[in-house]
Each structure stands twice: as structure tokens, then as C-alpha cells.
Amino acid sequence: MTATADEIRGTTHGTAPTPLSVLDLVTVGSGRTAGDALRTSVEIAKLAESRGFHRYWVAEHHSMPGVASSSPAVILAHLAAHTTRIRLGSGGVMLPNHAPLVIAEQFGTLEAMAPGRVDLGLGRAPGTDGATAAALRRSERLNEGADDFPQQLAELIRFLDDDFPDGHRYRRIHAVPGPVQATSPGGVQSPHRPPVWLLGSSGFSARLAGALGLPFAFAHHFSAQNTVPALDLYRESFRPSAVLDEPYALIGVSALATEDEKEARRQVLAAALNMVRLRTGRPGLVPTPEEAEAYDFSPMEREFVDSWNTNVIHGTPDEVRSGLDDLHKRTGADELMITGNAHSGDVRLRSYELIADAYGLPTA
């Protein structure tokens with residue numbers, strides 16, 4: 001029932017140096033609704049599938065008006081109904097926010113809906129601020145969940161595999177849909193269960209993923225300075241497992257392509273203003289490029305914007321391709337997962353199309 005390496009590793013298409021995938025934050029722009037954002041997600045997922053992107057992940061966030069991805073499992077079920085081949089998954093579900101049994105049930109259900117194409121990416125951060133995390137977890141002891149992450153992970157994997165040992169307090173509890181159904185009279189064993197990935201923006205999950213022989217996803221898009229050290233740590237820590245015989249690491253990268261370089265700069269400025277507001281406790285909808293151009297940035301805000309946009313690959317399709325190729329060379333990542341943040345869903349959709357064209361990805 002464990003995932004095979006073939007279910008994890010991607011296939012390179014066109015002239016891309018490594019498999020390309022999509023990370024969707026389901027961003028909501030000013031003047032738009034969450035429904036608009038979710039409809040854009042469906043269109044991007046369909047485009048990604050038709051152009052040979054390997055997987056499509058959504059990330060759990062809470063209490064952020066501009067991010068409509070608080071319920072990854074719900075969104076993935078919706079995307080499964082509109083796609084047939086592309087892998088779908090979480091990038092990620094924040095394990096300390098949930099009971100492991102609940103996650104096992106949710107992703108067992110997704111696996112039943114889309115057999116053989118569901119990924120379960122797990123993070124240990126709350127995906128929000130401390131007060132919201134306390135509301136999610138019904139506890140003020142927020143470090144408790146993060147500190148218990150290895151134990152929670154082990155419990156979740158046991159539920160997914162239905163293999164708690166005799167004498168364990170959960171031995172008679174089963175995640176359904178799941179393997180227990182195969183042991184019931186007339187039951188048939190499912191050939192798949194969702195591969196577990198560990199996500200991180202520092203060294204903790206890198207080391208744990210390596211020790212357990214699991215695939216690893218690093219958040220380069222908001223922790224670029226830690227990317228190479230974390231990947232090195234993952235590879236150094238890696239021990240072959242039933243899942244993988246060698247390391248497999250993807251990195252999330254912010255990239256936005258437009259036909260015109262100036263327009264790309266306008267779009268990423270708006271996305272950066274959104275991050276300024278988020279980092280200063282004023283989260284809101286993603287502003288328009290016009291609003292960002294009219295905004296009076298303080299010197300400190302301008303410094304943040306310049307630093308942030310240094311790690312956003314943007315420009316014409318050829319410029320974005322060059323930036324992605326360079327990032328791959330510098331990191332040796334086995335897969336690049338692109339997140340394109342912009343006010344307009346049409347701009348995001350067009351960006352993925354332009355990137356696919358730049359690499360000559362086939363059209364299904």
C-alpha cells in the first residue's frame with residue numbers, strides 16, 4: 001500500500017530541465033470573490049493537465065482575505081471532478097491543526113475519488129497567525145503541536161496503512177476509506193494510498209523527511225535564503241525506504257510571465273504590496289496593479305518589496321524560463337512547483353500558458 005517511486009517522481013516534458021508543477025494559493029483579488037478565485041483554480045488545473053504539468057497542489061491558509069484555500073481537501077475534491085490525469089495534492093495540510101485520523105479519512109476519500117493521483121503534503125506550521133492557530137486547535141499551547149509533529153506524522157501514517165500494532169489503543173480504529181475495507185468480507189484491496197510528503201521552510205522537516213526516506217518539498221518562494229542548506233540537509237540525512245531509494249526534492253518558486261516585461265513588474269508589485277500588508281498585520285485582498293502604483297511605500301516597505309521581488313522570477317516568457325533554469329542549476333531540485341500570484345485570475349492563467357509555451361510543453 002505504500003506509494004511507489006513512480007507515483008512520486010515526475011516526467012519531464014518539452015525542453016524543461018525538470019518536471020514542472022503548480023502551487024495554487026487560490027488568491028482573491030480586490031473586486032473579486034472567492035467563487036471567482038475557485039473558478040480560476042479549475043481553469044488553471046485544466047490547463048496544467050493539458051500542458052503536461054506533473055501535479056497541482058493547494059496550500060492551507062487561514063484568516064487571510066486574499067487566500068481562499070483554508071480547506072485543501074474540499075478544493076481538491078472539486079478539482080478532481082474537473083480533471084482526469086494530473087496529480088492533485090496538498091502543499092500542504094498543516095498537521096498540527098488537525099487530528100491525524102481526520103486527515104487520513106479526508107485523503108482516503110480523495111484517493112477513492114481520484115485513484116492513483118493524490119498527494120498528501122504535510123507541514124508543521126499553523127498556516128496563519130498565533131490567535132487563529134489557537135482558535136483552530138482549541139489550545140493556547142501552540143508549540144505543543146509543532147513539537148509533537150514526528151509523533152503526529154507516525155500516527156497519521158499508521159492510520160493510512162491501517163497497521164497499528166496489537167495492544168495499541170488505536171488498533172481497532174480504522175480510517176475509512178482505507179485498507180481495512182479490503183479485509184472485510186468481499187473486500188478488494190486498493191492498489192494505492194496517497195504518498196506522504198513533508199514540507200518545510202527550514203531544516204527541521206528536511207532532516208525528518210531524509211531520515212524517513214520521504215519526498216521533500218521546500219518553500220523557496222518565501223524562504224529562498226534557506227533553500228540550498230535545507231536541500232543539502234535533506235540529501236545528507238536521506239535513508240532509503242520502502243517509498244524512495246534516493247532523495248526526491250521539489251521546491252516552490254514564485255514565477256509570473258507576461259508578454260511584456262513592464263507589465264510583469266506591475267503585477268508582481270501588486271502581489272508584493274499584498275505581502276507588505278500581510279507581514280504588517282493588515283491582510284487583505286490582493287490589490288490591483290493600479291493601486292500598487294499609487295501606493296506610497298515607506299522606505300522600510302520599499303526595502304521589503306525589493307527584497308521580496310528579488311526571489312520572484314518575472315518578465316517575458318524567455319526571461320522566466322531563463323530564471324527557472326538558473327534556479328534548477330543552483331539547487332539541483334528534482335521538480336519545480338510554480339506559484340504565480342497576481343490580482344487577476346486571467347493574468348495567472350495566462351502566465352502558466354506562457355511558461356508552458358516557453359518550454360514547448362505539448363498540448364493534449
# chains A, B, ... in the order shown; residues from 1 in each chain; ligands from 1
>>> residues_around(residues="stretch 191-197 of chain A", least_positions_apart="6", cutoff="9 Å", atoms="only C-alpha atoms", output="PyMOL selection string")
chain A and resi 1-4+7-8+89+91-92+107-108+110-111+115-123+157+160-161+178-179+209+214-217+243
>>> write_last_selection(atoms="C-alpha atoms", output="PDB file, in the first residue's frame")
ATOM      1  CA  MET A   1       0.000   0.000   0.000  1.00  0.00           C
ATOM      2  CA  THR A   2       2.960   2.365   0.254  1.00  0.00           C
ATOM      3  CA  ALA A   3       3.495   4.824  -2.562  1.00  0.00           C
ATOM      4  CA  THR A   4       5.876   3.790  -5.293  1.00  0.00           C
ATOM      5  CA  GLU A   7       3.841   7.802  -8.153  1.00  0.00           C
ATOM      6  CA  ILE A   8       6.168  10.438  -6.719  1.00  0.00           C
ATOM      7  CA  GLY A  89      -2.441  17.298  -3.539  1.00  0.00           C
ATOM      8  CA  GLY A  91       1.145  21.747  -0.312  1.00  0.00           C
ATOM      9  CA  GLY A  92       0.261  21.410   2.387  1.00  0.00           C
ATOM     10  CA  PHE A 107      -7.321  11.882   1.882  1.00  0.00           C
ATOM     11  CA  GLY A 108      -8.588   8.324   1.793  1.00  0.00           C
ATOM     12  CA  LEU A 110      -9.860  11.830  -2.154  1.00  0.00           C
ATOM     13  CA  GLU A 111      -7.922   8.733  -3.179  1.00  0.00           C
ATOM     14  CA  PRO A 115      -7.286   6.776  -7.641  1.00  0.00           C
ATOM     15  CA  GLY A 116      -3.535   6.928  -8.002  1.00  0.00           C
ATOM     16  CA  ARG A 117      -3.207  10.698  -8.329  1.00  0.00           C
ATOM     17  CA  VAL A 118      -3.491  12.148  -4.820  1.00  0.00           C
ATOM     18  CA  ASP A 119      -0.533  13.523  -2.817  1.00  0.00           C
ATOM     19  CA  LEU A 120      -0.597  14.304   0.905  1.00  0.00           C
ATOM     20  CA  GLY A 121       1.882  17.075   1.668  1.00  0.00           C
ATOM     21  CA  LEU A 122       2.194  17.939   5.372  1.00  0.00           C
ATOM     22  CA  GLY A 123       3.530  20.997   7.171  1.00  0.00           C
ATOM     23  CA  ILE A 157       0.918   7.055   8.511  1.00  0.00           C
ATOM     24  CA  LEU A 160      -3.203   5.471   6.264  1.00  0.00           C
ATOM     25  CA  ASP A 161      -1.685   1.981   6.284  1.00  0.00           C
ATOM     26  CA  GLY A 178      -8.827   2.798   3.705  1.00  0.00           C
ATOM     27  CA  PRO A 179      -7.110  -0.609   3.779  1.00  0.00           C
ATOM     28  CA  ALA A 209      11.995  13.704   5.582  1.00  0.00           C
ATOM     29  CA  LEU A 214      10.108  10.549   2.247  1.00  0.00           C
ATOM     30  CA  PRO A 215       9.914  13.093  -0.586  1.00  0.00           C
ATOM     31  CA  PHE A 216      10.518  16.681   0.488  1.00  0.00           C
ATOM     32  CA  ALA A 217       9.071  19.995  -0.694  1.00  0.00           C
ATOM     33  CA  VAL A 243       8.918   4.701  -0.622  1.00  0.00           C
TER      34      VAL A 243
END
>>> select_by_dssp(residues="stretch 210-327 of chain A", states="helix (DSSP H, G or I)", output="MDAnalysis selection string")
chainID A and resid 210:212 224:237 261:279 289:294 299:310 317:327
>>> residues_around(residues="stretch 283-299 of chain A", least_positions_apart="3", cutoff="12 Å", atoms="only C-alpha atoms", output="ChimeraX atom specification")
/A:25-34,37,62-68,128-129,262-280,302-306,341-345,347
>>> select_by_dssp(residues="stretch 134-340 of chain A", states="strand (DSSP E or B)", output="short mmCIF file (atom, residue, chain, number, x, y, z; two decimals) with N, CA, C and O atoms, in the first residue's frame")
data_model
loop_
_atom_site.label_atom_id
_atom_site.label_comp_id
_atom_site.auth_asym_id
_atom_site.auth_seq_id
_atom_site.Cartn_x
_atom_site.Cartn_y
_atom_site.Cartn_z
N VAL A 196 2.95 10.36 1.12
CA VAL A 196 3.15 11.42 2.11
C VAL A 196 4.43 12.18 1.77
O VAL A 196 5.49 11.60 1.56
N TRP A 197 4.29 13.50 1.71
CA TRP A 197 5.41 14.42 1.53
C TRP A 197 5.55 15.25 2.80
O TRP A 197 4.55 15.58 3.45
N LEU A 198 6.77 15.65 3.10
CA LEU A 198 6.98 16.63 4.16
C LEU A 198 7.36 17.96 3.52
O LEU A 198 8.15 18.01 2.58
N LEU A 199 6.76 19.04 4.05
CA LEU A 199 7.02 20.38 3.57
C LEU A 199 7.82 21.13 4.61
O LEU A 199 7.71 20.85 5.82
N GLY A 200 8.59 22.12 4.16
CA GLY A 200 9.35 22.89 5.12
C GLY A 200 9.87 24.19 4.55
O GLY A 200 9.91 24.38 3.33
N PHE A 216 10.45 15.42 -0.25
CA PHE A 216 10.52 16.68 0.49
C PHE A 216 10.21 17.85 -0.43
O PHE A 216 10.67 17.88 -1.58
N ALA A 217 9.41 18.78 0.06
CA ALA A 217 9.07 19.99 -0.69
C ALA A 217 9.49 21.20 0.12
O ALA A 217 9.08 21.34 1.28
N PHE A 218 10.30 22.07 -0.48
CA PHE A 218 10.80 23.25 0.23
C PHE A 218 10.18 24.53 -0.31
O PHE A 218 10.06 24.71 -1.53
N ALA A 249 13.36 15.89 -4.16
CA ALA A 249 13.03 17.18 -3.58
C ALA A 249 12.46 18.12 -4.65
O ALA A 249 13.05 18.28 -5.71
N LEU A 250 11.34 18.71 -4.34
CA LEU A 250 10.83 19.79 -5.19
C LEU A 250 10.92 21.09 -4.42
O LEU A 250 10.98 21.09 -3.18
N ILE A 251 10.92 22.19 -5.14
CA ILE A 251 10.88 23.50 -4.48
C ILE A 251 9.76 24.33 -5.08
O ILE A 251 9.49 24.29 -6.27
N GLY A 252 9.08 25.07 -4.20
CA GLY A 252 8.07 26.01 -4.64
C GLY A 252 8.74 27.31 -5.02
O GLY A 252 9.59 27.83 -4.28
N VAL A 253 8.38 27.85 -6.18
CA VAL A 253 9.02 29.07 -6.66
C VAL A 253 7.98 30.03 -7.22
O VAL A 253 7.08 29.62 -7.95
N SER A 254 8.08 31.28 -6.85
CA SER A 254 7.19 32.31 -7.40
C SER A 254 7.68 32.69 -8.79
O SER A 254 8.85 33.06 -8.96
N ALA A 255 6.80 32.62 -9.77
CA ALA A 255 7.16 32.98 -11.14
C ALA A 255 5.93 33.50 -11.86
O ALA A 255 4.84 32.92 -11.73
N LEU A 256 6.10 34.59 -12.59
CA LEU A 256 4.98 35.17 -13.34
C LEU A 256 5.50 35.65 -14.69
O LEU A 256 6.42 36.47 -14.76
N ALA A 257 4.87 35.15 -15.75
CA ALA A 257 5.26 35.54 -17.11
C ALA A 257 4.14 36.36 -17.75
O ALA A 257 2.96 36.03 -17.61
N VAL A 286 -5.88 40.84 -2.68
CA VAL A 286 -4.73 41.22 -3.49
C VAL A 286 -5.08 42.51 -4.25
O VAL A 286 -6.09 42.56 -4.97
N ILE A 313 10.59 35.24 -9.89
CA ILE A 313 11.05 35.19 -11.27
C ILE A 313 9.94 35.75 -12.15
O ILE A 313 8.85 35.17 -12.23
N HIS A 314 10.19 36.89 -12.80
CA HIS A 314 9.13 37.52 -13.57
C HIS A 314 9.70 38.21 -14.80
O HIS A 314 10.88 38.56 -14.85
N GLY A 315 8.84 38.40 -15.77
CA GLY A 315 9.25 39.03 -17.02
C GLY A 315 8.59 38.36 -18.20
O GLY A 315 7.52 37.77 -18.08
N GLU A 335 12.22 18.82 -9.00
CA GLU A 335 10.95 19.30 -9.56
C GLU A 335 10.77 20.76 -9.15
O GLU A 335 11.13 21.14 -8.04
N LEU A 336 10.23 21.56 -10.06
CA LEU A 336 9.93 22.95 -9.77
C LEU A 336 8.42 23.12 -9.73
O LEU A 336 7.72 22.78 -10.68
N MET A 337 7.92 23.64 -8.60
CA MET A 337 6.48 23.86 -8.43
C MET A 337 6.23 25.36 -8.45
O MET A 337 6.65 26.10 -7.55
N ILE A 338 5.57 25.83 -9.49
CA ILE A 338 5.44 27.26 -9.76
C ILE A 338 4.16 27.82 -9.16
O ILE A 338 3.08 27.27 -9.37
N THR A 339 4.30 28.90 -8.41
CA THR A 339 3.14 29.63 -7.94
C THR A 339 3.17 31.02 -8.55
O THR A 339 4.16 31.75 -8.41
#
>>> closest_residue(among="A:Phe222, A:Phe149, A:Phe159, A:Tyr248", to="A:Leu208", atoms="only C-alpha atoms")
A:Phe149
>>> closest_residue(among="A:Asp326, A:His98, A:Arg9, A:His220", to="A:Leu244", atoms="only C-alpha atoms")
A:Arg9
>>> closest_residue(among="A:Ala114, A:Val93, A:Ala48, A:Val42", to="A:Glu353", atoms="only C-alpha atoms")
A:Ala48
>>> atom_distance(atom1="atom CA of A:Ala356", atom2="atom CA of A:Phe53")
8.4 Å
>>> residues_around(residues="stretch 358-361 of chain A", least_positions_apart="5", cutoff="7 Å", atoms="only C-alpha atoms", output="PyMOL selection string")
chain A and resi 13-16+51-52+317-318+321
>>> closest_residue(among="A:Arg55, A:Val320, A:Asp6, A:Ser41", to="A:Ser21", atoms="only C-alpha atoms")
A:Arg55
>>> atom_distance(atom1="atom CA of A:Ser205", atom2="atom CA of A:Leu233")
9.7 Å
>>> closest_residue(among="A:Asp162, A:Ala5, A:Ala206, A:Thr18", to="A:Val176", atoms="only C-alpha atoms")
A:Asp162
>>> atom_distance(atom1="atom CA of A:Asp334", atom2="atom CA of A:Gly10")
8.4 Å
>>> closest_residue(among="A:Phe164, A:Phe238, A:Tyr352, A:Tyr56", to="A:Pro72", atoms="only C-alpha atoms")
A:Tyr56
